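Q: See input_38.cif below, with mmCIF, C-alpha atoms.
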data_data
loop_
_atom_site.label_atom_id
_atom_site.label_comp_id
_atom_site.auth_asym_id
_atom_site.auth_seq_id
_atom_site.Cartn_x
_atom_site.Cartn_y
_atom_site.Cartn_z
CA MET A 1 -38.62 -30.36 6.46
CA THR A 2 -40.96 -33.29 7.18
CA PRO A 3 -44.24 -32.10 8.77
CA ALA A 4 -44.02 -34.55 11.66
CA ILE A 5 -43.17 -34.75 15.35
CA PHE A 6 -41.29 -38.00 16.05
CA GLY A 7 -40.59 -40.03 19.16
CA ILE A 8 -37.19 -41.32 20.29
CA SER A 9 -36.57 -44.88 21.40
CA GLY A 10 -34.41 -44.42 24.49
CA THR A 11 -32.31 -42.15 26.67
CA GLU A 12 -29.95 -41.18 23.86
CA LEU A 13 -30.07 -41.13 20.08
CA THR A 14 -29.07 -44.34 18.35
CA ALA A 15 -26.83 -44.15 15.30
CA ASP A 16 -29.79 -45.10 13.09
CA GLU A 17 -32.02 -42.42 14.62
CA ARG A 18 -29.32 -39.79 14.26
CA ALA A 19 -28.85 -40.58 10.56
CA PHE A 20 -32.60 -40.80 9.92
CA PHE A 21 -33.47 -37.54 11.65
CA LYS A 22 -30.60 -35.75 9.94
CA ALA A 23 -31.87 -36.90 6.54
CA CYS A 24 -35.60 -36.26 6.97
CA ASP A 25 -35.45 -33.11 9.17
CA PRO A 26 -38.66 -33.55 11.21
CA ALA A 27 -40.38 -30.45 12.58
CA GLY A 28 -39.78 -31.64 16.13
CA TYR A 29 -39.80 -34.40 18.73
CA ILE A 30 -41.91 -35.75 21.58
CA LEU A 31 -40.47 -37.28 24.75
CA PHE A 32 -41.83 -39.96 27.08
CA ALA A 33 -40.76 -41.54 30.36
CA ARG A 34 -38.56 -43.95 28.40
CA ASN A 35 -36.43 -40.96 27.37
CA CYS A 36 -36.10 -39.40 30.83
CA GLU A 37 -33.64 -41.00 33.23
CA SER A 38 -32.02 -38.00 34.94
CA LYS A 39 -31.77 -34.26 34.50
CA ALA A 40 -28.24 -34.42 33.13
CA GLN A 41 -29.10 -37.24 30.71
CA LEU A 42 -32.26 -35.52 29.49
CA ARG A 43 -30.49 -32.21 28.95
CA ALA A 44 -27.80 -34.05 26.97
CA LEU A 45 -30.50 -35.66 24.80
CA THR A 46 -32.27 -32.39 24.02
CA ASP A 47 -28.92 -30.69 23.36
CA ALA A 48 -28.04 -33.50 20.94
CA LEU A 49 -31.29 -32.86 19.06
CA ARG A 50 -30.57 -29.14 18.82
CA GLU A 51 -27.04 -29.83 17.64
CA LEU A 52 -28.37 -32.24 15.02
CA HIS A 53 -30.63 -29.52 13.59
CA GLY A 54 -28.14 -26.72 14.08
CA LYS A 55 -30.57 -24.41 15.89
CA ASP A 56 -31.21 -23.36 19.45
CA GLN A 57 -35.00 -23.07 19.18
CA LEU A 58 -36.30 -26.56 18.43
CA PHE A 59 -39.79 -27.98 18.96
CA ILE A 60 -39.25 -30.58 21.72
CA CYS A 61 -42.49 -31.47 23.47
CA ILE A 62 -43.77 -33.67 26.26
CA ASP A 63 -47.10 -34.52 27.92
CA GLN A 64 -46.64 -33.05 31.39
CA GLU A 65 -50.07 -32.16 32.72
CA GLY A 66 -49.76 -33.50 36.26
CA GLY A 67 -51.57 -36.35 37.96
CA ARG A 68 -51.69 -39.50 35.83
CA VAL A 69 -50.41 -37.72 32.73
CA ALA A 70 -46.84 -36.97 33.76
CA ARG A 71 -43.75 -38.27 31.99
CA LEU A 72 -41.37 -36.67 34.51
CA ARG A 73 -41.98 -37.98 38.01
CA PRO A 74 -40.52 -37.92 41.52
CA PRO A 75 -38.04 -38.36 43.01
CA ILE A 76 -36.09 -36.61 40.25
CA TRP A 77 -38.84 -34.17 39.30
CA SER A 78 -41.51 -32.47 41.39
CA PRO A 79 -45.02 -33.94 41.71
CA PHE A 80 -47.75 -31.92 40.03
CA PRO A 81 -51.47 -32.44 40.67
CA ALA A 82 -54.16 -33.33 38.15
CA SER A 83 -56.20 -30.42 36.78
CA GLU A 84 -59.21 -31.44 38.86
CA VAL A 85 -57.74 -29.76 41.97
CA PHE A 86 -57.98 -26.36 40.29
CA ASP A 87 -61.59 -27.07 39.33
CA GLN A 88 -62.37 -27.88 42.97
CA LEU A 89 -60.72 -24.71 44.23
CA TYR A 90 -62.53 -22.64 41.59
CA GLN A 91 -65.87 -23.64 43.14
CA ILE A 92 -64.79 -21.93 46.37
CA ALA A 93 -62.39 -19.19 45.32
CA PRO A 94 -62.10 -18.55 41.55
CA ALA A 95 -59.32 -15.97 41.76
CA SER A 96 -57.24 -18.24 43.99
CA ALA A 97 -57.78 -21.15 41.60
CA ILE A 98 -56.59 -19.08 38.65
CA GLU A 99 -53.46 -18.01 40.51
CA ALA A 100 -52.80 -21.57 41.73
CA ALA A 101 -53.07 -22.89 38.18
CA ARG A 102 -50.71 -20.18 36.92
CA VAL A 103 -47.95 -20.70 39.49
CA ASN A 104 -48.26 -24.48 39.17
CA ALA A 105 -47.77 -24.21 35.41
CA GLN A 106 -44.85 -21.82 35.84
CA ALA A 107 -43.10 -24.22 38.21
CA LEU A 108 -43.76 -27.10 35.84
CA ALA A 109 -42.39 -25.11 32.91
CA LEU A 110 -39.22 -24.14 34.74
CA GLU A 111 -38.47 -27.83 35.30
CA LEU A 112 -39.04 -28.49 31.59
CA SER A 113 -36.91 -25.53 30.52
CA GLU A 114 -34.07 -26.74 32.72
CA VAL A 115 -33.79 -29.94 30.64
CA GLY A 116 -34.29 -28.28 27.27
CA ILE A 117 -37.98 -29.06 26.64
CA THR A 118 -39.69 -26.19 24.82
CA VAL A 119 -43.34 -27.28 24.44
CA ASP A 120 -45.81 -28.86 26.87
CA CYS A 121 -48.91 -30.58 25.43
CA HIS A 122 -51.04 -28.84 28.04
CA PRO A 123 -53.67 -27.61 28.90
CA PRO A 124 -56.64 -29.77 27.88
CA LEU A 125 -59.64 -27.51 27.29
CA ASP A 126 -62.08 -30.41 27.11
CA VAL A 127 -65.29 -29.57 28.98
CA ARG A 128 -66.18 -32.41 31.33
CA GLN A 129 -69.56 -34.01 30.58
CA PRO A 130 -71.56 -36.24 32.98
CA GLY A 131 -71.31 -39.95 32.27
CA ALA A 132 -68.37 -39.64 29.85
CA HIS A 133 -65.38 -42.00 29.80
CA ASP A 134 -62.64 -41.13 32.28
CA VAL A 135 -59.99 -40.84 29.52
CA ILE A 136 -60.36 -37.12 30.32
CA GLY A 137 -61.84 -37.37 33.83
CA ASP A 138 -59.62 -35.64 36.38
CA ARG A 139 -57.61 -34.06 33.57
CA ALA A 140 -60.50 -31.66 32.90
CA LEU A 141 -60.44 -28.11 34.24
CA GLY A 142 -64.16 -28.21 34.84
CA SER A 143 -67.62 -28.64 33.37
CA GLU A 144 -68.37 -24.94 32.80
CA PRO A 145 -66.81 -23.58 29.59
CA MET A 146 -65.75 -20.14 30.82
CA GLN A 147 -64.16 -21.66 33.92
CA VAL A 148 -62.19 -24.04 31.69
CA ALA A 149 -61.11 -21.08 29.57
CA ALA A 150 -60.07 -19.01 32.58
CA LEU A 151 -57.98 -21.80 34.09
CA GLY A 152 -56.60 -22.74 30.67
CA ARG A 153 -55.50 -19.14 30.08
CA ALA A 154 -53.74 -19.12 33.46
CA ILE A 155 -51.90 -22.33 32.56
CA LEU A 156 -50.78 -20.95 29.19
CA ASP A 157 -49.56 -17.81 30.96
CA GLY A 158 -47.68 -19.81 33.60
CA LEU A 159 -46.03 -22.01 30.99
CA GLU A 160 -44.95 -18.93 29.03
CA ARG A 161 -43.48 -17.35 32.18
CA GLY A 162 -41.48 -20.53 32.62
CA GLY A 163 -40.12 -20.39 29.08
CA VAL A 164 -42.34 -23.09 27.55
CA ALA A 165 -45.09 -22.94 24.90
CA GLY A 166 -48.40 -24.58 25.76
CA CYS A 167 -50.65 -26.59 23.43
CA ILE A 168 -54.44 -26.47 23.77
CA LYS A 169 -56.17 -29.81 23.24
CA HIS A 170 -58.15 -31.79 22.05
CA MET A 171 -59.99 -29.76 19.40
CA PRO A 172 -62.91 -29.58 18.85
CA GLY A 173 -63.46 -31.17 22.29
CA HIS A 174 -62.92 -34.56 23.95
CA GLY A 175 -65.26 -34.17 26.91
CA ARG A 176 -68.14 -36.21 25.42
CA SER A 177 -66.06 -39.27 24.58
CA MET A 178 -67.66 -42.52 25.77
CA CYS A 179 -64.52 -44.57 25.13
CA ASP A 180 -60.73 -44.23 25.11
CA THR A 181 -59.34 -43.13 21.74
CA HIS A 182 -56.18 -45.08 22.50
CA LYS A 183 -58.33 -48.19 22.00
CA GLU A 184 -61.35 -47.31 19.82
CA MET A 185 -63.17 -44.54 17.99
CA PRO A 186 -65.72 -42.52 20.00
CA THR A 187 -68.82 -41.34 18.16
CA VAL A 188 -70.33 -38.09 19.41
CA THR A 189 -73.96 -37.51 18.36
CA ALA A 190 -74.50 -34.20 20.16
CA SER A 191 -76.25 -31.38 18.32
CA ALA A 192 -74.61 -28.19 17.10
CA GLN A 193 -76.20 -26.33 20.00
CA GLU A 194 -74.77 -28.82 22.51
CA LEU A 195 -71.35 -28.80 20.84
CA ALA A 196 -71.18 -25.02 21.17
CA THR A 197 -70.36 -25.69 24.83
CA ASP A 198 -67.35 -27.78 23.81
CA LEU A 199 -66.08 -25.17 21.37
CA SER A 200 -66.38 -22.25 23.78
CA PRO A 201 -63.05 -22.61 25.69
CA PHE A 202 -61.13 -23.15 22.45
CA ARG A 203 -62.73 -20.06 20.92
CA ALA A 204 -61.80 -18.03 24.01
CA LEU A 205 -58.15 -19.13 23.68
CA ASN A 206 -57.98 -19.25 19.89
CA THR A 207 -54.80 -17.14 19.84
CA ALA A 208 -52.77 -19.96 21.40
CA LEU A 209 -49.68 -20.77 19.35
CA ILE A 210 -50.27 -24.54 19.27
CA GLY A 211 -53.32 -26.79 19.26
CA MET A 212 -54.01 -30.51 18.97
CA THR A 213 -56.90 -32.39 17.38
CA GLY A 214 -58.84 -35.28 18.89
CA HIS A 215 -59.65 -38.60 17.20
CA LEU A 216 -63.43 -38.38 17.66
CA LEU A 217 -66.25 -38.73 15.13
CA PHE A 218 -68.76 -35.87 15.37
CA THR A 219 -71.83 -36.83 13.39
CA GLU A 220 -73.14 -33.25 13.43
CA TRP A 221 -70.20 -32.18 11.26
CA ASP A 222 -68.85 -35.27 9.48
CA THR A 223 -70.43 -38.73 9.56
CA GLU A 224 -67.41 -40.47 8.03
CA ASN A 225 -64.18 -38.91 9.31
CA PRO A 226 -62.93 -38.19 12.83
CA ALA A 227 -61.78 -34.65 13.52
CA THR A 228 -58.10 -35.40 12.86
CA LEU A 229 -58.93 -36.68 9.36
CA SER A 230 -61.83 -34.38 8.55
CA LYS A 231 -61.25 -31.47 6.20
CA THR A 232 -64.75 -30.25 7.05
CA ILE A 233 -64.07 -30.11 10.79
CA ILE A 234 -60.61 -28.61 10.46
CA GLU A 235 -61.64 -25.94 7.94
CA ASN A 236 -65.14 -25.12 9.14
CA VAL A 237 -64.95 -25.77 12.88
CA ILE A 238 -61.34 -25.52 14.10
CA ARG A 239 -60.12 -22.84 11.69
CA GLY A 240 -63.62 -21.39 11.13
CA GLU A 241 -65.94 -21.43 14.16
CA ILE A 242 -63.17 -21.60 16.75
CA GLY A 243 -60.99 -19.21 14.77
CA PHE A 244 -57.75 -21.01 15.61
CA ASP A 245 -54.83 -20.02 13.37
CA GLY A 246 -51.99 -21.60 15.34
CA LEU A 247 -49.90 -24.67 14.62
CA LEU A 248 -52.24 -27.68 14.48
CA LEU A 249 -50.90 -31.07 15.57
CA THR A 250 -52.68 -34.39 15.35
CA ASP A 251 -53.13 -36.37 18.52
CA ASP A 252 -50.92 -39.47 18.46
CA ILE A 253 -51.44 -40.93 14.98
CA ASP A 254 -50.75 -44.43 16.37
CA MET A 255 -53.96 -44.56 18.43
CA GLU A 256 -56.30 -47.45 17.68
CA ALA A 257 -59.24 -45.07 17.13
CA LEU A 258 -57.87 -44.56 13.60
CA GLU A 259 -57.89 -47.07 10.76
CA GLY A 260 -55.30 -47.73 8.04
CA THR A 261 -51.54 -47.88 8.15
CA ILE A 262 -49.58 -45.22 10.03
CA PRO A 263 -48.38 -43.60 6.77
CA GLU A 264 -51.95 -43.62 5.37
CA ARG A 265 -53.34 -41.96 8.48
CA SER A 266 -50.54 -39.40 8.40
CA ALA A 267 -51.16 -38.47 4.77
CA ARG A 268 -54.91 -38.15 5.39
CA SER A 269 -54.40 -35.88 8.40
CA ILE A 270 -52.18 -33.49 6.44
CA GLU A 271 -54.61 -33.54 3.50
CA ALA A 272 -57.42 -32.71 5.94
CA GLY A 273 -55.57 -29.61 7.12
CA CYS A 274 -53.40 -30.59 10.10
CA ASP A 275 -50.00 -28.90 10.04
CA LEU A 276 -47.98 -31.66 11.71
CA VAL A 277 -48.38 -35.39 12.36
CA LEU A 278 -47.60 -36.57 15.89
CA ASN A 279 -46.03 -40.05 15.86
CA CYS A 280 -44.99 -41.17 19.33
CA TRP A 281 -43.65 -44.68 19.32
CA ALA A 282 -40.21 -44.26 17.72
CA LYS A 283 -40.57 -47.16 15.29
CA LEU A 284 -38.17 -46.46 12.44
CA ASP A 285 -40.27 -48.39 9.91
CA ASP A 286 -43.34 -46.29 10.70
CA MET A 287 -41.38 -43.06 10.70
CA ASP A 288 -39.78 -43.92 7.37
CA GLY A 289 -43.23 -44.67 5.98
CA ILE A 290 -44.49 -41.30 7.19
CA VAL A 291 -41.58 -39.49 5.53
CA ASN A 292 -42.29 -41.27 2.26
CA ALA A 293 -46.03 -40.54 2.48
CA LEU A 294 -45.75 -36.82 3.19
CA ALA A 295 -44.68 -33.91 1.05
CA GLU A 296 -42.50 -31.08 2.32
CA ILE A 297 -44.09 -29.00 5.07
CA SER A 298 -46.47 -26.39 3.65
CA ASP A 299 -45.62 -22.70 3.68
CA ALA A 300 -48.51 -22.00 6.05
CA ALA A 301 -47.42 -24.70 8.49
CA ARG A 302 -43.80 -23.53 8.33
CA ALA A 303 -44.89 -19.98 9.15
CA ARG A 304 -46.92 -21.21 12.14
CA LEU A 305 -43.99 -23.32 13.33
CA SER A 306 -41.70 -20.28 13.02
CA ARG A 307 -44.04 -18.30 15.28
CA VAL A 308 -43.76 -21.06 17.89
CA GLU A 309 -39.96 -21.17 17.63
CA ASP A 310 -39.74 -17.38 17.92
CA ALA A 311 -41.64 -17.58 21.22
CA MET A 312 -39.24 -20.13 22.70
CA GLY A 313 -36.49 -18.98 24.98
CA ALA A 314 -35.09 -18.82 28.46
CA PRO A 315 -37.53 -17.92 31.26
CA PRO A 316 -37.54 -14.11 31.69
CA ASP A 317 -37.33 -14.20 35.47
CA ALA A 318 -35.23 -16.29 37.82
CA VAL A 319 -37.94 -17.72 40.08
CA ASP A 320 -37.46 -20.49 42.62
CA VAL A 321 -39.55 -23.57 41.75
CA THR A 322 -39.97 -24.49 45.41
CA GLU A 323 -41.42 -21.05 46.16
CA LEU A 324 -43.95 -21.40 43.34
CA ILE A 325 -44.97 -24.86 44.54
CA ALA A 326 -45.30 -23.61 48.11
CA LYS A 327 -47.55 -20.79 46.90
CA ARG A 328 -49.66 -23.27 44.90
CA ASP A 329 -50.04 -25.57 47.89
CA ALA A 330 -51.02 -22.70 50.18
CA LEU A 331 -53.74 -21.69 47.74
CA LEU A 332 -54.97 -25.27 47.34
CA GLN A 333 -55.15 -25.61 51.12
CA VAL A 334 -58.41 -23.66 50.98
CA THR A 335 -60.07 -26.64 49.34
CA SER A 336 -58.90 -29.01 52.09
CA GLU A 337 -60.07 -26.63 54.79
CA ALA A 338 -63.47 -26.27 53.14
CA ALA A 339 -63.84 -30.04 52.91
CA ALA A 340 -62.91 -30.43 56.57
#
As structure tokens, please, write out the structure in this file.
A:
Amino acid sequence: MTPAIFGISGTELTADERAFFKACDPAGYILFARNCESKAQLRALTDALRELHGKDQLFICIDQEGGRVARLRPPIWSPFPASEVFDQLYQIAPASAIEAARVNAQALALELSEVGITVDCHPPLDVRQPGAHDVIGDRALGSEPMQVAALGRAILDGLERGGVAGCIKHMPGHGRSMCDTHKEMPTVTASAQELATDLSPFRALNTALIGMTGHLLFTEWDTENPATLSKTIIENVIRGEIGFDGLLLTDDIDMEALEGTIPERSARSIEAGCDLVLNCWAKLDDMDGIVNALAEISDAARARLSRVEDAMGAPPDAVDVTELIAKRDALLQVTSEAAA
């Protein structure tokens, strides 16, 4: 098995993709809007991936947070709000905010389960910091670490109730970024004492099955390598201080924050301690280069992936999505009434 999550070019597998994936056996796949035309088409695509691998429980993920980070959109799929709305409600009614976040995530997960998606790259546990770049912005669950952890836990619970595994991100924290990692490398100069705030939500939810790194340089820990490529940060901070022992994915290895070829970046991330490389753009040349650059998945990573696959399955309860959304909206109405 290749320790990578690969993208797909379109709404169905091409002959070349089918042959390539069959030969290299990637750990899983990530979907984008380009792959999602209709419910029937998307279910056929995810079924084709499962058939290709010969197993029912396959790592098929998507970025479906809500707000601006949503690959599945109306009118085919339901609209989901950005995380900021739960932060706003938490300021007025914390218990209501936690329940709203949970039922929202459950509804979201049920829509993903329906089309065969098993993992959502959600929730972000990045603590919002004043003056930071809006690459996180309204995606943040708040600026107070324990609030972020409480809402993040509710989201993980809701996703699980909907039959989907969540993925906490972006370790060890993206809230201080002063630029967009899609375009350039952020350098964070905060002290260890300041960074303890960023680590706190991840430590609180360190039993999550899946986590994702961020492409940020933290001078307190490593002056040369961003978190994704830093053995020091992965071993001492993510696995050590945070205590995370779940499946560790890179953020998209294609992002311009990183230097070197895609295969070089991929090899460095695995050497640093990431379990899987996330490669989103479905370019066969890049994917072939990654396969050639990486050894077989490690025993530790395989065991972590197996734990994720074991947790996948049909939602335990038949719950109506519209009822969950109505409950969420009724809870969020408190914020509107308070503002009025």
Q: With the file shown as input, list the residues that the PyMOL selection byres ((chain A and resi 220) around 10) selects, as number ranges by chain.
A: A: 188-192, 195, 217-219, 221-223, 233
Q: Please enclose the listed atoms of stretch 279-294 of chain A in an axis-aligned box, pad each side by 5 Å, and write out the centre and the three edge lengths in Å, rounded to one decimal, as lines of an AutoDock Vina configuration file.
A:
center_x = -42.1
center_y = -42.6
center_z = 10.8
size_x = 17.9
size_y = 21.6
size_z = 27.1
Q: If you measure from atom CA of A:Asp251 to atom CA of A:His53, what distance in Å do you get, rounded to one decimal?
A: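 That distance, rounded to one decimal, is 24.0 Å.
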Q: At a cut-off of 7 Å, using all atoms listed in the file, what residues contact A:Ile62? Leave out same-chain residues fewer than 2 positions from it and give the result as a list in words.
A: Ile30, Leu31, Phe32, Gln64, Val119, Asp120 and Cys121 of chain A
Q: Quick one: contact table of stretch 296-333 of chain A to stretch 106-109 of chain A, 10 Å max, nearest atom pair and distance in Å to one decimal per residue, counting all atoms listed in the file, chain and number order, as JSON lines?
A:
{"residue": "A:Pro315", "atom": "CA", "partner": "A:Ala109", "partner_atom": "CA", "distance": 8.8}
{"residue": "A:Val319", "atom": "CA", "partner": "A:Ala107", "partner_atom": "CA", "distance": 8.5}
{"residue": "A:Asp320", "atom": "CA", "partner": "A:Ala107", "partner_atom": "CA", "distance": 8.1}
{"residue": "A:Val321", "atom": "CA", "partner": "A:Ala107", "partner_atom": "CA", "distance": 5.1}
{"residue": "A:Thr322", "atom": "CA", "partner": "A:Ala107", "partner_atom": "CA", "distance": 7.9}
{"residue": "A:Glu323", "atom": "CA", "partner": "A:Ala107", "partner_atom": "CA", "distance": 8.7}
{"residue": "A:Leu324", "atom": "CA", "partner": "A:Ala107", "partner_atom": "CA", "distance": 5.9}
{"residue": "A:Ile325", "atom": "CA", "partner": "A:Ala107", "partner_atom": "CA", "distance": 6.6}
{"residue": "A:Arg328", "atom": "CA", "partner": "A:Ala107", "partner_atom": "CA", "distance": 9.4}
Q: Which residues fall under the PyMOL selection byres ((chain A and resi 124) around 8) in this file, as a PyMOL selection string?
A: chain A and resi 122-123+125-126+139-141+152+168-170
Q: Apply the PyMOL selection byres ((chain A and resi 155) around 6) to the structure shown and report the selected residues as a list of chain:residue names.
A: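 Applying the PyMOL selection byres ((chain A and resi 155) around 6) to the structure shown produces A:Ala101, A:Arg102, A:Ala105, A:Gly152, A:Arg153, A:Ala154, A:Leu156, A:Asp157, A:Gly158.
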Q: Could you state the separation of atom CA of A:Ala100 and atom CA of A:Ala330 in Å, given to one decimal place?
A: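 Computed distance, atom CA of A:Ala100 to atom CA of A:Ala330, equals 8.7 Å.
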Q: Between atom CA of A:Gly116 and atom CA of A:Val85, what is the distance in Å, rounded to a tenth?
A: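 Taking atom CA of A:Gly116 as the start and atom CA of A:Val85 as the end point, the length is 27.7 Å.
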Q: Per residue of stretch 55-111 of chain A within 9 Å of stretch 291-310 of chain A, what are the shortest atom pair and its distance in Å to one decimal, counting all atoms listed in the file, with rows by chain and residue number, as a tab-separated table?
A:
residue	atom	partner	partner_atom	distance
A:Gln57	CA	A:Glu309	CA	5.5
A:Leu58	CA	A:Glu309	CA	6.6
A:Phe59	CA	A:Glu309	CA	6.9
Q: Can you take the partial stretch 203-211 of chain A, add all heavy atoms, and return it as a compact mmCIF listing (two decimals), in the coordinates of the input?
A:
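Result file follows (rebuild-v2.txt):
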# COMPACT_ATOMS: atom_id res chain seq x y z
N ARG A 203 -62.52 -21.35 21.57
CA ARG A 203 -62.73 -20.06 20.92
C ARG A 203 -62.15 -18.94 21.79
O ARG A 203 -61.55 -17.98 21.27
CB ARG A 203 -64.22 -19.83 20.68
CG ARG A 203 -64.52 -18.58 19.86
CD ARG A 203 -66.01 -18.34 19.70
NE ARG A 203 -66.66 -19.37 18.91
CZ ARG A 203 -67.56 -20.22 19.37
NH1 ARG A 203 -67.93 -20.17 20.64
NH2 ARG A 203 -68.11 -21.13 18.59
N ALA A 204 -62.32 -19.05 23.10
CA ALA A 204 -61.80 -18.03 24.01
C ALA A 204 -60.27 -17.96 23.98
O ALA A 204 -59.69 -16.90 24.22
CB ALA A 204 -62.27 -18.32 25.43
N LEU A 205 -59.62 -19.08 23.69
CA LEU A 205 -58.15 -19.13 23.68
C LEU A 205 -57.63 -19.42 22.28
O LEU A 205 -56.59 -20.07 22.11
CB LEU A 205 -57.66 -20.20 24.66
CG LEU A 205 -58.05 -19.98 26.13
CD1 LEU A 205 -57.47 -21.07 27.02
CD2 LEU A 205 -57.62 -18.62 26.62
N ASN A 206 -58.33 -18.91 21.27
CA ASN A 206 -57.98 -19.25 19.89
C ASN A 206 -56.69 -18.60 19.40
O ASN A 206 -56.22 -18.90 18.31
CB ASN A 206 -59.13 -18.94 18.93
CG ASN A 206 -59.46 -17.46 18.85
OD1 ASN A 206 -58.77 -16.61 19.40
ND2 ASN A 206 -60.56 -17.15 18.18
N THR A 207 -56.09 -17.73 20.21
CA THR A 207 -54.80 -17.14 19.84
C THR A 207 -53.61 -17.95 20.33
O THR A 207 -52.46 -17.53 20.14
CB THR A 207 -54.69 -15.70 20.37
OG1 THR A 207 -54.83 -15.71 21.79
CG2 THR A 207 -55.75 -14.79 19.75
N ALA A 208 -53.87 -19.08 20.96
CA ALA A 208 -52.77 -19.96 21.40
C ALA A 208 -51.90 -20.33 20.20
O ALA A 208 -52.40 -20.49 19.08
CB ALA A 208 -53.34 -21.21 22.05
N LEU A 209 -50.62 -20.49 20.44
CA LEU A 209 -49.68 -20.77 19.35
C LEU A 209 -49.82 -22.18 18.80
O LEU A 209 -49.53 -22.43 17.63
CB LEU A 209 -48.24 -20.56 19.84
CG LEU A 209 -47.81 -19.12 20.10
CD1 LEU A 209 -46.42 -19.09 20.72
CD2 LEU A 209 -47.85 -18.30 18.82
N ILE A 210 -50.24 -23.13 19.66
CA ILE A 210 -50.27 -24.54 19.27
C ILE A 210 -51.57 -25.17 19.73
O ILE A 210 -52.06 -24.88 20.83
CB ILE A 210 -49.10 -25.33 19.89
CG1 ILE A 210 -47.78 -24.59 19.74
CG2 ILE A 210 -48.99 -26.72 19.27
CD1 ILE A 210 -46.65 -25.17 20.57
N GLY A 211 -52.13 -26.04 18.89
CA GLY A 211 -53.32 -26.79 19.26
C GLY A 211 -53.21 -28.22 18.76
O GLY A 211 -52.40 -28.54 17.89
